[in-house]
Amino acid sequence: MALRLWPKDFERKEHITREEKALLRYASQNISEGHFAVGVDPVGMSSDKVRMGFYIAPNKGLLTFSIYIDPINPDQIEIYKMYVQMVEQKIHERLLDSKMLIVRNGDKKSLKFPYRHVIIFANEKPETLSKGNPLMALDSYVYVQFLNPIGKKKIIGRLIEADIASGCRVTYDQEFQHMTEQECRAIFERLAPEYTVVMHEHETVEVKQTKTTPSEQGVRITGKELEYKTFFLDEYQVALVNDMGKGHRVLLANPGAGKSVLLLSKAFKYASLYKESKVLLTCFNNNLSDSYMFKRTCANFGDNHNLYIMTLHKLVKKLFEECLRKRCYSNIATPEEIQECLNKVRSGEIKIRFKAIFIDEVQIFEPIYLELCYALLEKSDDALFLMAGDLNQTVRSQSRRGDAPWKKINGVKLDFTGRVRYIERNYRNSKQIGDFLNRMLCYMNKYMEQMNMISMKEFAYDSFESGDYEGIALKITTGINRMQIQTAVLAAVKEIVEKYQVGYSDIAVLFPVRKNTALRYYFLYWLTSALDKAGIPYSLITLSDDERQSKVQYSKTTGVVISTIDSSLGLDFKAVIVAGLYPYNYYFTDGGNNVLVTSWETIGKLGQHEQEKVQIQIRKLYTACSRARDILYVLSDLQPGSLMEQLLTEALKEKKQDGQQL
């Protein structure tokens, strides 16, 4: 396990203090393995005067530390001791919640490895703890003075090279030898959540039995210890999280680029650094917001009351109820309510302001939504307004090319010169699925530009990289009878479970619309009836058509996830079945009439408004397919040769030449 610094490019980061930089420099020159992190806030107790970090030494254990900027106060020795013990206890309890990090002896649990916390008095003189000095009472809790050139290497070396076990005050497995990378990820998930990605999937972990820890010590096992699948951010992502420079930004990326992960990580970072200010992370989709809240809970970030995570409509509701003492009569804010909120913010009647505002899936937001959010931003030099989105995932009506939503904020001209960043990397989709999506993207954008529906010169619509790992399955089936689509979906669910050993809860069925009465097409009813009859568990994260079924929060789903494409935006799943596509043979006029779409030439003859309706349908199909990480099944009951079927078959052509079956 080679050494990894967090963050690696620390020299250029203004929010990293000189004391933290000194530690990282020494670590980079003198440590060969492990993880060394600064600028973290594991228990919400960092400040301008006290910064926190940790060192994972694979063969020694975990050392967490608080860096005190001020010198030692002799009158506060007992307070220092109490502080160390309090922080150590909080972090110890946090680590013991991890199934990955514990061993058991009977009904008690202990850490797998030694752990201790210390204070570093970074600017204290070396003689402070010299022999015979009364302050020697602190020696087991404190390391001092590493910025003074005299004795610098000796003091830091004492910190880094210390035997963690010799000063360890918690019980641990006496047979400990070495930490795995998986265990390091579990530590980061609990101490530095801004640097990890937590999936809504449990890890299978077997807790080791040990007799080396005295049975009367340790903490009782609760049975609630668990472990979610966790991944590290790579160095490129960590650099983006620590990009704390001034000025507003736009982040554009395709599915799987991790933009939602980055927004949440940056929100964690800002909320920790600016504890006296408020930070807002907002989006349009309830399920995406719930996904954020799930990850926030996993990160133990619940005590940070300055971080607000909510949908735009919940934000409006909160402003009405808490600031104006009025009611919103629906969970969906009306244009009039949004405008009233905006007026009250501008007049000063609504006084709440945010140091940083992060907006996810900005392509869905109408200009007035962004106008309201921008009005809620603090008017300070270090305030941040960051919007992230994917212009290839338009799921709502937007204006024509040249009119990105952030360009039309009424009365506001934001300068994003040099601050529009494209992320091309794909962390979600397997190479097999990513290549398929890439061909689909290039094909649809090529024809939409020919129809004068988009301008490739304005945005890098085709900025897309495939994943770097092999997937499990990509299967496109066309020509399914529309009246047999539920049978095909049921067979696909069973095949994925039996053939690839995937659990029901790792499968999602995504579709455009619940029903279309004009076409006598009732996909959601057909599907849920078939699943009920087969005894297959499922959860709806979209509204149902009747009172038999109720919508479930994404974080509380069990069984197969059933969702419209719109409701799945921002989410991803191990296996995705895209079905119910028959209505996409048509576009629907404002009057409710259905018009058959047979070719790109047909689209070229449509008016601007109608072209946009078709474009949204095309992009929704792409969005649905992009939700899959390892397994993608597309079950098409589209008419043979239709425009939307062409999108699937053209994207698969290269794979077909390589032996992939259609």
# chains A, B, ... in the order shown; residues from 1 in each chain; ligands from 1
>>> residues_around(residues="Ala579 (chain A)", least_positions_apart="4", cutoff="9 Å", atoms="only C-alpha atoms", output="ChimeraX atom specification")
/A:485-486,489,509-512,523,633-637
>>> write_last_selection(atoms="all heavy atoms", output="compact mmCIF listing (two decimals), in the first residue's frame")
# COMPACT_ATOMS: atom_id res chain seq x y z
N ILE A 485 -45.07 -7.09 -22.97
CA ILE A 485 -43.89 -6.43 -22.42
C ILE A 485 -43.68 -6.79 -20.95
O ILE A 485 -42.53 -6.98 -20.50
CB ILE A 485 -43.98 -4.89 -22.61
CG1 ILE A 485 -42.66 -4.23 -22.20
CG2 ILE A 485 -45.15 -4.31 -21.85
CD1 ILE A 485 -41.48 -4.62 -23.04
N GLN A 486 -44.77 -6.94 -20.17
CA GLN A 486 -44.60 -7.28 -18.76
C GLN A 486 -44.03 -8.67 -18.60
O GLN A 486 -43.25 -8.95 -17.68
CB GLN A 486 -45.93 -7.13 -17.99
CG GLN A 486 -46.97 -8.21 -18.27
CD GLN A 486 -47.79 -7.91 -19.51
OE1 GLN A 486 -47.40 -7.12 -20.37
NE2 GLN A 486 -48.96 -8.53 -19.60
N VAL A 489 -40.29 -8.38 -19.18
CA VAL A 489 -39.60 -7.79 -18.04
C VAL A 489 -39.46 -8.81 -16.91
O VAL A 489 -38.39 -8.93 -16.29
CB VAL A 489 -40.34 -6.54 -17.53
CG1 VAL A 489 -39.72 -6.02 -16.23
CG2 VAL A 489 -40.34 -5.44 -18.59
N VAL A 509 -36.17 -1.28 -12.71
CA VAL A 509 -36.91 -1.26 -13.98
C VAL A 509 -37.31 0.20 -14.23
O VAL A 509 -38.02 0.80 -13.42
CB VAL A 509 -38.16 -2.15 -13.94
CG1 VAL A 509 -38.89 -2.08 -15.28
CG2 VAL A 509 -37.77 -3.60 -13.62
N LEU A 510 -36.82 0.77 -15.32
CA LEU A 510 -37.07 2.17 -15.65
C LEU A 510 -37.90 2.27 -16.92
O LEU A 510 -37.69 1.51 -17.88
CB LEU A 510 -35.75 2.91 -15.84
CG LEU A 510 -34.71 2.78 -14.71
CD1 LEU A 510 -33.47 3.60 -15.03
CD2 LEU A 510 -35.31 3.20 -13.38
N PHE A 511 -38.82 3.23 -16.96
CA PHE A 511 -39.74 3.35 -18.09
C PHE A 511 -40.13 4.82 -18.25
O PHE A 511 -40.05 5.61 -17.30
CB PHE A 511 -40.98 2.49 -17.87
CG PHE A 511 -41.59 2.65 -16.50
CD1 PHE A 511 -42.59 3.58 -16.25
CD2 PHE A 511 -41.13 1.88 -15.44
CE1 PHE A 511 -43.13 3.74 -14.99
CE2 PHE A 511 -41.67 2.03 -14.15
CZ PHE A 511 -42.66 2.96 -13.93
N PRO A 512 -40.58 5.22 -19.44
CA PRO A 512 -40.88 6.64 -19.69
C PRO A 512 -42.09 7.16 -18.94
O PRO A 512 -42.03 8.21 -18.29
CB PRO A 512 -41.11 6.70 -21.21
CG PRO A 512 -40.49 5.47 -21.76
CD PRO A 512 -40.61 4.43 -20.68
N PHE A 523 -48.41 0.46 -18.64
CA PHE A 523 -47.20 -0.30 -18.32
C PHE A 523 -47.05 -0.56 -16.82
O PHE A 523 -46.78 -1.68 -16.40
CB PHE A 523 -45.96 0.42 -18.84
CG PHE A 523 -44.68 -0.30 -18.52
CD1 PHE A 523 -44.29 -1.40 -19.26
CD2 PHE A 523 -43.88 0.09 -17.45
CE1 PHE A 523 -43.13 -2.10 -18.96
CE2 PHE A 523 -42.73 -0.59 -17.13
CZ PHE A 523 -42.35 -1.68 -17.89
N TYR A 633 -30.26 -4.23 -19.62
CA TYR A 633 -31.18 -4.89 -20.53
C TYR A 633 -32.12 -3.81 -21.07
O TYR A 633 -32.71 -3.06 -20.28
CB TYR A 633 -32.04 -5.94 -19.81
CG TYR A 633 -31.39 -7.30 -19.61
CD1 TYR A 633 -30.04 -7.42 -19.32
CD2 TYR A 633 -32.15 -8.46 -19.68
CE1 TYR A 633 -29.46 -8.66 -19.11
CE2 TYR A 633 -31.58 -9.71 -19.46
CZ TYR A 633 -30.24 -9.80 -19.18
OH TYR A 633 -29.66 -11.03 -18.97
N VAL A 634 -32.26 -3.72 -22.38
CA VAL A 634 -33.26 -2.85 -22.99
C VAL A 634 -34.26 -3.74 -23.71
O VAL A 634 -33.89 -4.49 -24.62
CB VAL A 634 -32.64 -1.84 -23.97
CG1 VAL A 634 -33.73 -0.93 -24.55
CG2 VAL A 634 -31.57 -0.99 -23.28
N LEU A 635 -35.51 -3.68 -23.28
CA LEU A 635 -36.58 -4.51 -23.85
C LEU A 635 -37.51 -3.59 -24.63
O LEU A 635 -38.27 -2.82 -24.05
CB LEU A 635 -37.34 -5.24 -22.74
CG LEU A 635 -36.46 -6.02 -21.74
CD1 LEU A 635 -37.32 -6.67 -20.67
CD2 LEU A 635 -35.60 -7.06 -22.46
N SER A 636 -37.43 -3.65 -25.94
CA SER A 636 -38.11 -2.68 -26.79
C SER A 636 -39.37 -3.25 -27.43
O SER A 636 -39.31 -4.26 -28.14
CB SER A 636 -37.16 -2.18 -27.89
OG SER A 636 -37.86 -1.41 -28.83
N ASP A 637 -40.50 -2.58 -27.15
CA ASP A 637 -41.73 -2.89 -27.89
C ASP A 637 -42.04 -1.74 -28.86
O ASP A 637 -43.19 -1.51 -29.22
CB ASP A 637 -42.90 -3.15 -26.94
CG ASP A 637 -43.10 -2.03 -25.92
OD1 ASP A 637 -42.31 -1.07 -25.92
OD2 ASP A 637 -44.04 -2.14 -25.11
>>> residues_around(residues="Leu324 (chain A)", least_positions_apart="2", cutoff="10 Å", atoms="only C-alpha atoms", output="ChimeraX atom specification")
/A:317-322,326-327,341,344,349-350
>>> closest_residue(among="A:Arg520, A:Lys446, A:Lys475, A:Arg428", to="Arg627 (chain A)", atoms="only C-alpha atoms")
A:Arg428
>>> residues_around(residues="region 25-35 of chain A", least_positions_apart="6", cutoff="6 Å", atoms="only C-alpha atoms", output="VMD selection string")
chain A and resid 1 to 4 55 to 58
>>> write_last_selection(atoms="C-alpha atoms", output="PDB file, in the first residue's frame")
ATOM      1  CA  MET A   1       0.000   0.000   0.000  1.00  0.00           C
ATOM      2  CA  ALA A   2       1.856   3.101  -1.228  1.00  0.00           C
ATOM      3  CA  LEU A   3       1.532   6.401   0.627  1.00  0.00           C
ATOM      4  CA  ARG A   4      -1.382   8.601  -0.397  1.00  0.00           C
ATOM      5  CA  TYR A  55      -2.566   8.931   9.726  1.00  0.00           C
ATOM      6  CA  ILE A  56      -3.360   5.314   8.848  1.00  0.00           C
ATOM      7  CA  ALA A  57      -0.177   3.289   9.321  1.00  0.00           C
ATOM      8  CA  PRO A  58      -0.986  -0.136   7.813  1.00  0.00           C
TER       9      PRO A  58
END
>>> residues_around(residues="region 255-264 of chain A", least_positions_apart="3", cutoff="9 Å", atoms="only C-alpha atoms", output="ChimeraX atom specification")
/A:194,196-197,237-238,240-241,251-252,267-269,281,288,292,295-296,358-361,386-390,392-393,423-429,464-465,467,570,572,623,626-627,629
>>> residues_around(residues="region 90-100 of chain A", least_positions_apart="5", cutoff="6 Å", atoms="only C-alpha atoms", output="PDB file with all heavy atoms, in the first residue's frame")
ATOM      1  N   GLU A 225     -24.445  -2.980  13.567  1.00  0.00           N
ATOM      2  CA  GLU A 225     -23.209  -2.687  12.855  1.00  0.00           C
ATOM      3  C   GLU A 225     -23.367  -3.142  11.401  1.00  0.00           C
ATOM      4  O   GLU A 225     -23.863  -4.244  11.140  1.00  0.00           O
ATOM      5  CB  GLU A 225     -22.025  -3.422  13.494  1.00  0.00           C
ATOM      6  CG  GLU A 225     -21.724  -3.012  14.919  1.00  0.00           C
ATOM      7  CD  GLU A 225     -22.592  -3.716  15.948  1.00  0.00           C
ATOM      8  OE1 GLU A 225     -23.384  -4.605  15.557  1.00  0.00           O
ATOM      9  OE2 GLU A 225     -22.487  -3.388  17.134  1.00  0.00           O
ATOM     10  N   LEU A 226     -22.976  -2.302  10.480  1.00  0.00           N
ATOM     11  CA  LEU A 226     -23.112  -2.664   9.070  1.00  0.00           C
ATOM     12  C   LEU A 226     -22.016  -2.009   8.258  1.00  0.00           C
ATOM     13  O   LEU A 226     -21.224  -1.221   8.757  1.00  0.00           O
ATOM     14  CB  LEU A 226     -24.495  -2.270   8.528  1.00  0.00           C
ATOM     15  CG  LEU A 226     -25.008  -0.849   8.804  1.00  0.00           C
ATOM     16  CD1 LEU A 226     -24.399   0.155   7.878  1.00  0.00           C
ATOM     17  CD2 LEU A 226     -26.526  -0.826   8.683  1.00  0.00           C
ATOM     18  N   GLU A 227     -21.987  -2.353   7.003  1.00  0.00           N
ATOM     19  CA  GLU A 227     -20.989  -1.791   6.100  1.00  0.00           C
ATOM     20  C   GLU A 227     -21.605  -1.644   4.720  1.00  0.00           C
ATOM     21  O   GLU A 227     -22.146  -2.601   4.160  1.00  0.00           O
ATOM     22  CB  GLU A 227     -19.760  -2.705   6.025  1.00  0.00           C
ATOM     23  CG  GLU A 227     -18.525  -2.004   5.548  1.00  0.00           C
ATOM     24  CD  GLU A 227     -18.037  -0.993   6.569  1.00  0.00           C
ATOM     25  OE1 GLU A 227     -18.030  -1.296   7.768  1.00  0.00           O
ATOM     26  OE2 GLU A 227     -17.669   0.116   6.147  1.00  0.00           O
TER      27      GLU A 227
END
>>> select_by_dssp(residues="region 241-451 of chain A", states="alpha helix (DSSP H)", output="number ranges by chain")
A: 241, 259-273, 286-298, 312-318, 335-347, 367-375, 431-450
>>> residues_around(residues="Ser46 (chain A)", least_positions_apart="3", cutoff="10 Å", atoms="only C-alpha atoms", output="compact mmCIF listing (two decimals) with N, CA, C and O atoms, in the first residue's frame")
# COMPACT_ATOMS: atom_id res chain seq x y z
N GLY A 39 -7.02 18.58 7.22
CA GLY A 39 -8.17 19.39 6.80
C GLY A 39 -9.48 18.66 6.89
O GLY A 39 -10.44 19.03 6.21
N VAL A 40 -9.57 17.63 7.72
CA VAL A 40 -10.81 16.88 7.87
C VAL A 40 -11.49 17.30 9.18
O VAL A 40 -10.90 17.98 10.01
N ASP A 41 -12.72 16.87 9.35
CA ASP A 41 -13.49 17.28 10.52
C ASP A 41 -14.34 16.11 11.01
O ASP A 41 -15.57 16.13 10.94
N PRO A 42 -13.72 15.05 11.52
CA PRO A 42 -14.44 13.80 11.80
C PRO A 42 -15.51 13.88 12.86
O PRO A 42 -16.47 13.12 12.84
N VAL A 43 -15.36 14.81 13.83
CA VAL A 43 -16.36 14.92 14.90
C VAL A 43 -16.91 16.33 15.01
O VAL A 43 -17.49 16.70 16.04
N LYS A 49 -8.61 27.73 14.94
CA LYS A 49 -7.52 27.54 15.88
C LYS A 49 -7.11 26.08 16.06
O LYS A 49 -6.02 25.79 16.54
N VAL A 50 -8.01 25.17 15.70
CA VAL A 50 -7.73 23.74 15.87
C VAL A 50 -8.11 23.03 14.58
O VAL A 50 -9.28 23.02 14.18
N ARG A 51 -7.14 22.43 13.93
CA ARG A 51 -7.40 21.66 12.71
C ARG A 51 -7.16 20.18 13.01
O ARG A 51 -6.36 19.83 13.88
N MET A 52 -7.82 19.33 12.24
CA MET A 52 -7.73 17.90 12.54
C MET A 52 -7.26 17.10 11.33
O MET A 52 -7.45 17.51 10.17
N GLY A 53 -6.66 15.96 11.61
CA GLY A 53 -6.18 15.07 10.55
C GLY A 53 -5.98 13.68 11.12
O GLY A 53 -6.22 13.42 12.30
N SER A 66 -5.15 16.54 16.56
CA SER A 66 -5.65 17.91 16.50
C SER A 66 -4.44 18.84 16.48
O SER A 66 -3.56 18.72 17.35
N ILE A 67 -4.39 19.73 15.52
CA ILE A 67 -3.28 20.68 15.41
C ILE A 67 -3.70 21.99 16.07
O ILE A 67 -4.59 22.68 15.57
N TYR A 68 -3.06 22.32 17.20
CA TYR A 68 -3.34 23.57 17.89
C TYR A 68 -2.40 24.66 17.35
O TYR A 68 -1.18 24.47 17.34
N SER A 272 -17.94 22.30 6.85
CA SER A 272 -16.94 22.11 7.91
C SER A 272 -16.06 23.34 8.08
O SER A 272 -15.71 23.71 9.20
N LEU A 273 -15.70 23.98 6.97
CA LEU A 273 -14.81 25.13 7.03
C LEU A 273 -15.52 26.40 7.49
O LEU A 273 -14.92 27.26 8.13
N LYS A 275 -18.33 27.01 9.63
CA LYS A 275 -19.34 26.53 10.57
C LYS A 275 -20.35 27.60 10.97
O LYS A 275 -21.46 27.28 11.39
>>> closest_residue(among="A:Leu5, A:Arg116, A:Ile352, A:Phe573", to="Tyr195 (chain A)", atoms="only C-alpha atoms")
A:Leu5
>>> atom_distance(atom1="CA of Tyr443 (chain A)", atom2="CA of Leu596 (chain A)")
20.7 Å
>>> closest_residue(among="A:Leu101, A:Lys112, A:Gln182, A:His15", to="Tyr274 (chain A)", atoms="only C-alpha atoms")
A:His15
>>> closest_residue(among="A:Ala492, A:Ser642, A:Cys323, A:Asn593", to="Leu531 (chain A)", atoms="only C-alpha atoms")
A:Ala492
>>> decode(residues="region 491-526 of chain A", atoms="N, CA and C atoms", output="short mmCIF file (atom, residue, chain, number, x, y, z; two decimals), in the first residue's frame")
data_model
loop_
_atom_site.label_atom_id
_atom_site.label_comp_id
_atom_site.auth_asym_id
_atom_site.auth_seq_id
_atom_site.Cartn_x
_atom_site.Cartn_y
_atom_site.Cartn_z
N ALA A 491 -39.31 -12.05 -17.13
CA ALA A 491 -38.29 -13.02 -17.52
C ALA A 491 -36.89 -12.44 -17.35
N ALA A 492 -36.74 -11.13 -17.66
CA ALA A 492 -35.43 -10.49 -17.53
C ALA A 492 -35.00 -10.40 -16.07
N VAL A 493 -35.94 -10.06 -15.20
CA VAL A 493 -35.63 -10.00 -13.76
C VAL A 493 -35.15 -11.36 -13.27
N LYS A 494 -35.88 -12.41 -13.63
CA LYS A 494 -35.51 -13.76 -13.19
C LYS A 494 -34.15 -14.17 -13.76
N GLU A 495 -33.91 -13.82 -15.02
CA GLU A 495 -32.64 -14.19 -15.65
C GLU A 495 -31.46 -13.49 -14.96
N ILE A 496 -31.61 -12.22 -14.64
CA ILE A 496 -30.53 -11.48 -13.98
C ILE A 496 -30.24 -12.06 -12.60
N VAL A 497 -31.30 -12.43 -11.87
CA VAL A 497 -31.13 -12.99 -10.53
C VAL A 497 -30.46 -14.36 -10.61
N GLU A 498 -30.93 -15.20 -11.50
CA GLU A 498 -30.46 -16.58 -11.55
C GLU A 498 -29.12 -16.72 -12.28
N LYS A 499 -28.97 -16.01 -13.40
CA LYS A 499 -27.77 -16.18 -14.21
C LYS A 499 -26.57 -15.43 -13.65
N TYR A 500 -26.83 -14.23 -13.10
CA TYR A 500 -25.71 -13.39 -12.65
C TYR A 500 -25.65 -13.24 -11.13
N GLN A 501 -26.52 -13.96 -10.41
CA GLN A 501 -26.51 -13.95 -8.94
C GLN A 501 -26.61 -12.52 -8.38
N VAL A 502 -27.55 -11.76 -8.93
CA VAL A 502 -27.81 -10.39 -8.48
C VAL A 502 -29.09 -10.38 -7.66
N GLY A 503 -29.06 -9.70 -6.51
CA GLY A 503 -30.24 -9.63 -5.67
C GLY A 503 -31.31 -8.72 -6.25
N TYR A 504 -32.56 -8.94 -5.87
CA TYR A 504 -33.66 -8.11 -6.36
C TYR A 504 -33.41 -6.62 -6.09
N SER A 505 -32.85 -6.31 -4.92
CA SER A 505 -32.66 -4.91 -4.54
C SER A 505 -31.61 -4.19 -5.36
N ASP A 506 -30.83 -4.95 -6.14
CA ASP A 506 -29.82 -4.34 -7.01
C ASP A 506 -30.32 -4.15 -8.43
N ILE A 507 -31.62 -4.40 -8.66
CA ILE A 507 -32.21 -4.29 -10.00
C ILE A 507 -33.21 -3.15 -10.02
N ALA A 508 -33.20 -2.38 -11.10
CA ALA A 508 -34.20 -1.32 -11.29
C ALA A 508 -34.85 -1.50 -12.66
N VAL A 509 -36.17 -1.28 -12.71
CA VAL A 509 -36.91 -1.26 -13.98
C VAL A 509 -37.31 0.20 -14.23
N LEU A 510 -36.82 0.77 -15.32
CA LEU A 510 -37.07 2.17 -15.65
C LEU A 510 -37.90 2.27 -16.92
N PHE A 511 -38.82 3.23 -16.96
CA PHE A 511 -39.74 3.35 -18.09
C PHE A 511 -40.13 4.82 -18.25
N PRO A 512 -40.58 5.22 -19.44
CA PRO A 512 -40.88 6.64 -19.69
C PRO A 512 -42.09 7.16 -18.94
N VAL A 513 -43.23 6.47 -19.06
CA VAL A 513 -44.48 6.95 -18.45
C VAL A 513 -45.21 5.78 -17.79
N ARG A 514 -45.97 6.10 -16.74
CA ARG A 514 -46.72 5.04 -16.04
C ARG A 514 -47.81 4.45 -16.93
N LYS A 515 -48.47 5.33 -17.69
CA LYS A 515 -49.53 4.86 -18.58
C LYS A 515 -49.79 5.92 -19.65
N ASN A 516 -50.41 5.48 -20.75
CA ASN A 516 -50.89 6.40 -21.77
C ASN A 516 -52.27 5.90 -22.21
N THR A 517 -53.28 6.55 -21.69
CA THR A 517 -54.65 6.07 -21.95
C THR A 517 -55.03 6.17 -23.41
N ALA A 518 -54.50 7.18 -24.12
CA ALA A 518 -54.82 7.34 -25.54
C ALA A 518 -54.34 6.14 -26.35
N LEU A 519 -53.22 5.56 -25.92
CA LEU A 519 -52.67 4.39 -26.62
C LEU A 519 -53.10 3.08 -25.96
N ARG A 520 -53.91 3.18 -24.90
CA ARG A 520 -54.33 2.00 -24.14
C ARG A 520 -53.11 1.19 -23.68
N TYR A 521 -52.19 1.95 -23.12
CA TYR A 521 -50.91 1.37 -22.69
C TYR A 521 -50.74 1.65 -21.21
N TYR A 522 -50.77 0.59 -20.37
CA TYR A 522 -50.78 0.74 -18.91
C TYR A 522 -49.59 -0.01 -18.32
N PHE A 523 -48.41 0.46 -18.64
CA PHE A 523 -47.20 -0.30 -18.32
C PHE A 523 -47.05 -0.56 -16.82
N LEU A 524 -47.18 0.47 -15.98
CA LEU A 524 -46.94 0.29 -14.55
C LEU A 524 -47.92 -0.71 -13.95
N TYR A 525 -49.18 -0.63 -14.32
CA TYR A 525 -50.18 -1.58 -13.81
C TYR A 525 -49.85 -2.99 -14.27
N TRP A 526 -49.52 -3.15 -15.54
CA TRP A 526 -49.18 -4.48 -16.06
C TRP A 526 -47.98 -5.05 -15.31
#
